[in-house]
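One structure below.
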Amino acid sequence: MKADGENGGVRADVVVVAGALVLSALLVWIASGDAVLMGMFLASVAVFGVIAWVLSRRRAPKPEIEFAQPDWSVTVAGIERPDMAIVVTDRAGRLTCANSAFESWFGSGSVPPSLPVVPASLERLADTTRRAWRDGHGTAEIVNEDGVHWRADVRRIGRGDDFLIWRLTPDDVSNPVEELVSHLDGKLGRALSKAGIAAALVDPDGTIRTASAGFAMRASGDPAADMTGADFVDLLSQEEGERIGWARDGGRGSALVLYHVPVVDPDNAEEADANTTPSLMLVVEAAHGIGSGGGGTGSAPHLEALLSQLPLGLAMADRDGRLLFANPAFMRAAGQEGQAPPTYPTDLVVKEDKRALSEAIRRFAQGPAAAGDLAIRLATQPDDPVSLSLAGVRGLGEAAVLLGLTDTSEEMRLKRQVAQATKMQAVGQLAGGVAHDFNNVLTAILGTCDLMLMRHTPGDSDYDDIQQIRANSNRAASLTRQLLAFSRQQTLRPEVLQLPDVVAEVSQMLRRLIGEKIQLSVTHDRDLGPVRADPTQLEQVIVNLCVNARDAMQSRGDGSGRLTLATRRVTTTDVRAMRSEIVPAGEYTALIVEDTGGGIPPEIVGKIFEPFFTTKEQGKGTGLGLSTVYGIVKQSGGFIFAESEQGRGTRFTVYLPVHHGGPGSDAEVASSAPQPPTRKWAGGGSILLVEDEDPVRIVAERALTRQGYQVTCARDGEEGLELVEEGGQFDLVVSDVVMPSLDGPAMAREIRRFAPDLPVLFMSGYAEEQLRKQIGIANAWFMPKPFSVQQLSEKVGEVLAQTAGD
């Protein structure tokens with residue numbers, strides 16, 4: 001109707017214009033009386049009319065679209081949800097908008113990723129933020145000081161990808177025990193009873209926490225009976241052989257099969273305590289098996305739905321070995337979390353165990369209902385055998401086998417750590433014993449060389465050969481010191497020092513060691529805490545790590561590369577964020593040695609600290625470099641870790657605890673106080689020499705005799721004690737520590753009964769620090785083997801000078 005009205009208005013306007021035009025033409029004709037002039041007037045009006053019509057038909061330009069300014073109140077209304085905290089932040093980390101749930105849970109002053117959560121969660125939030133800006137999406141599990149858990153989901157949004165939207169959802173931590181109690185009292189308990197399964201939750205002390213109605217019916221005859229607190233074993237009876245039945249049946253009932261399933265949270269299985277973990281006991285009649293309570297085959301799908309919710313690894317296979325069902329916990333324990341169950345359970349194990357598993361399934365499916373265990377190796381963990389439980393199942397139409405598998409990955413990891421620690425301890429003890437025996441041999445060799453050199457002068461035909469023997473003996477002595485360092489039995493002289501100072505001392509030598517093709521980079525953090533360690537041993541740690549790095553870089557390509565030495569400040573928060581089970585919380589100063597070599601293969605990373613293990617060619621390495629580093633670091637109270645990626649290099653990180661002794665500590669006083677000059681002993685004396693090793697005793701006797709001492713020898717502690725008991729007068733006792741029958745310390749204690757002030761100089765191939773703790777004798781000195789003739793003479797003179805001056 002509107003269009004018709006508009007058209008009618010247009011026609012009326014046309015009629016009015018045409019009438020006016022005709023009237024104007026008549027007026028021109030009347031006024032002029034000239035028909036030609038009237039025609040010219042009409043033609044002019046027509047031309048101007050056409051021009052006006054053309055101009056009126058031209059379209060006006062479209063106006064530009066204007067975008068409305070953002071109204072964040074509309075956005076807040078759109079993200080308002082009571083069950084989820086939602087917040088938007090920009091690239092500068094500023095809060096753009098947030099819903100009321102975020103302000104209620106985290107406070108109006110909080111901005112992600114800085115939320116009021118534990119330090120480890122703050123680190124995860126920071127990593128998630130970086131991942132979201134880089135990849136567009138990130139997730140993290142966080143928890144606050146009150147133990148409340150959230151799941152954070154972060155996504156990059158906006159036309160320019162300039163914003164992050166955070167969605168934080170409460171994550172309720174479930175308790176499988178409490179859930180199972182409520183399920184057994186409800187539908188799950190009734191469904192199990194219908195399937196012929198009597199279920200009870202039993203505490204470690206054997207008392208029942210809760211039981212299904214079917215269990216109460218079979219155990220007491222009353223489905224409504226309260227079984228809480230009853231003794232589970234008292235409700236059963238063991239009859240002839242291994243046959244188990246209900247006690248109330250008096251031996252006339254059917255035989256029973258018991259399935260014992262510990263109830264633990266699979267996500268925290270390593271924290272479970274066997275002494276407090278309850279067990280789900282499933283009692284099934286052996287003649288019928290699971291599902292015999294009238295469910296028939298139709299109960300199997302329902303049973304699968306129930307079992308899939310349990311945190312226990314359960315699966316079912318038929319007599320032909322096909323996998324009928326496997327719940328998520330079973331696949332997680334098999335190392336294939338999130339994947340669909342395979343056609344056959346044998347697909348989960350290594351090739352060598354396939355036949356044994358297949359035969360076991362066939363045997364349990366065809367024989368009487370029974371249960372047993374089989375050791376298998378999973379394809380995802382071929383080096384660690386696990387135990388697979390099997391039980392024959394009846395009542396599902398076709399015979400079947402119930403399979404049970406527990407996630408033991410954490411347990412196996414802990415076992416490997418314990419085995420590695422035990423092996424390293426055993427090897428350390430062996431290394432210390434070998435070093436002791438070897439030091440005795442080297443003492444005799446070095447002493448004999450010194451005595452021979454006294455009879456020869458430079459230029460003699462034998463002089464150079466004797467010097468060569470002595471040099472090689474000293475080289476062997478350095479190997480024994482490395483063995484003692486690995487076994488953590490080396491004598492350390494710790495000082496309070498700054499790690500950058502030690503690095504600076506050794507840097508010039510390192511530049512010559514690594515060569516010109518390798519670039520050395522040294523960086524230090526500020527405000528590093530002091531550490532207490534032996535500076536000489538720390539230098540050996542740095543040199544050994546850098547030499548290994550040099551060899552790794554020279555073995556690939558043109559031998560060039562980059563060696564980085566760095567010191568870092570590690571706070572208590574950083575240690576907690578590491579989530580390490582080895583490094584206790586505290587402050588550390590870290591030394592990092594990183595190279596760009598070929599890296600270490602993953603299969604040998606765990607062996608690099610073992611003594612005599614080396615990947616170098618024969619004759620080019622002793623295999624004691626890294627083991628020595630390990631021993632020094634551990635003996636200094638620190639920790640060392642190796643991280644390597646093949647093709648990209650290796651990083652060694654040494655953590656040394658920060659020393660908080662402060663000014664005036666014993667170590668600082670000892671290192672700063674001036675040492676009194678050593679007094680010289682000019683006179684002779686009477687010495688009792690006790691040594692069970694003949695070569696060492698002979699060399700020591702000759703060396704001391706040449707210095708003017710009167711030496712009396714004894715082959716063991718008992719002979720030495722007899723010499724003192726018989727009235728022998730001595731100025732000094734020089735004794736070995738480890739001897740048969742009566743050792744050195746025991747002999748010294750007995751001697752002190754007759755001569756309380758008689759000084760004793762112990763010599764041993766074991767470590768001084770370890771022996772001082774074991775001996776505990778006053779007025780006693782120590783000299784480590786191997787030693788030269790000159791060192792022995794000087795030490796004896798020093799002891800006699802000190803005792804004479806006291």
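Just so we're on the same page: first chain in the structure tokens is A, next is B, and so on; residues restart at 1 for each chain, and ligands are numbered from 1 in the order they show up.
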Who sits within 12 Å of segment 343-351 of chain A, only C-alpha atoms, same chain under 4 positions skipped, as a CSV table (one decimal) with C-alpha atoms, in the first residue's frame:
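Output (selection_36.csv):
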```csv
chain,number,residue,atom,x,y,z
A,314,LEU,CA,41.1,-54.6,35.4
A,315,ALA,CA,40.5,-56.3,32.0
A,316,MET,CA,38.7,-59.4,30.8
A,317,ALA,CA,39.8,-61.8,28.0
A,318,ASP,CA,37.9,-64.8,26.5
A,319,ARG,CA,39.3,-68.3,26.2
A,320,ASP,CA,40.7,-67.6,22.8
A,321,GLY,CA,42.8,-64.8,24.2
A,322,ARG,CA,40.8,-61.9,22.8
A,323,LEU,CA,40.5,-58.8,25.0
A,324,LEU,CA,36.8,-58.3,25.8
A,325,PHE,CA,37.2,-55.2,28.0
A,326,ALA,CA,39.9,-53.1,29.7
A,330,PHE,CA,44.5,-51.0,33.2
A,331,MET,CA,45.6,-49.2,30.1
A,332,ARG,CA,47.4,-46.6,32.2
A,333,ALA,CA,49.2,-49.3,34.1
A,334,ALA,CA,50.2,-50.9,30.8
A,335,GLY,CA,51.8,-47.6,29.7
A,336,GLN,CA,49.2,-46.8,27.0
A,339,GLN,CA,44.7,-45.4,23.8
A,355,ARG,CA,53.4,-67.2,24.3
A,356,ALA,CA,53.6,-67.5,28.1
A,357,LEU,CA,50.7,-65.0,28.6
A,358,SER,CA,48.6,-66.7,25.9
A,359,GLU,CA,49.0,-70.1,27.4
A,360,ALA,CA,48.2,-68.8,30.9
A,361,ILE,CA,45.0,-67.1,29.7
A,374,LEU,CA,52.4,-64.2,36.1
A,375,ALA,CA,55.5,-62.1,35.7
A,376,ILE,CA,55.5,-60.3,32.3
A,377,ARG,CA,57.4,-57.4,30.7
A,378,LEU,CA,55.3,-54.7,29.1
A,379,ALA,CA,56.2,-53.4,25.6
A,380,THR,CA,56.4,-49.9,27.1
A,381,GLN,CA,58.8,-51.1,29.9
A,382,PRO,CA,60.8,-54.0,28.5
A,383,ASP,CA,63.4,-53.8,31.2
A,384,ASP,CA,61.2,-54.0,34.3
A,385,PRO,CA,59.0,-57.1,34.8
A,386,VAL,CA,55.6,-56.5,36.4
A,387,SER,CA,53.1,-58.9,38.0
A,388,LEU,CA,49.8,-59.7,36.1
A,390,LEU,CA,44.8,-63.8,36.4
A,401,VAL,CA,39.7,-64.6,32.5
A,402,LEU,CA,39.9,-61.5,34.7
A,403,LEU,CA,43.2,-59.7,34.4
A,404,GLY,CA,44.6,-57.3,37.0
A,405,LEU,CA,47.5,-55.0,36.5
```
Quiz item: Residues at most 12 Å from segment 232-238 of chain A, counting only C-alpha atoms, excluding those fewer than 4 positions away in the same chain, as a count of residues only?
Solution: 44
Quiz item: Can you list, as an MDAnalysis selection string, every residue of segment 544-594 of chain A that DSSP puts in strand (DSSP E or B)?
Solution: chainID A and resid 561:570 588:594
Go ahead and write the residues just picked, C-alpha atoms, as a PDB file, in the first residue's frame.
```pdb
ATOM      1  CA  GLY A 561      82.451 -25.375  19.952  1.00  0.00           C
ATOM      2  CA  ARG A 562      81.422 -23.302  22.953  1.00  0.00           C
ATOM      3  CA  LEU A 563      82.152 -24.118  26.587  1.00  0.00           C
ATOM      4  CA  THR A 564      80.080 -22.210  29.133  1.00  0.00           C
ATOM      5  CA  LEU A 565      81.027 -21.857  32.796  1.00  0.00           C
ATOM      6  CA  ALA A 566      78.405 -20.184  34.958  1.00  0.00           C
ATOM      7  CA  THR A 567      77.563 -19.736  38.610  1.00  0.00           C
ATOM      8  CA  ARG A 568      73.943 -19.306  39.636  1.00  0.00           C
ATOM      9  CA  ARG A 569      72.106 -18.363  42.808  1.00  0.00           C
ATOM     10  CA  VAL A 570      69.499 -20.984  43.720  1.00  0.00           C
ATOM     11  CA  TYR A 588      72.541 -23.314  47.014  1.00  0.00           C
ATOM     12  CA  THR A 589      75.217 -21.899  44.781  1.00  0.00           C
ATOM     13  CA  ALA A 590      75.236 -23.775  41.490  1.00  0.00           C
ATOM     14  CA  LEU A 591      78.141 -24.356  39.125  1.00  0.00           C
ATOM     15  CA  ILE A 592      77.090 -25.043  35.521  1.00  0.00           C
ATOM     16  CA  VAL A 593      79.427 -26.515  32.892  1.00  0.00           C
ATOM     17  CA  GLU A 594      77.760 -26.722  29.462  1.00  0.00           C
TER      18      GLU A 594
END
```
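Distances here use only C-alpha atoms; by that measure, the residue among A:Val690, A:Leu792, A:Ala224, A:Val522 closest to Leu742 of chain A is A:Val690.
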Exercise. Quick one: pull the distance between atom CA of Trp133 of chain A and atom CA of Asp153 of chain A, Å, one decimal.
Key: 12.8 Å
Quiz prompt | Residue with smallest distance to Glu643 of chain A - pool A:Ile604, A:Val658, A:Leu26, A:Ile157, counting only C-alpha atoms | solution = A:Ile604
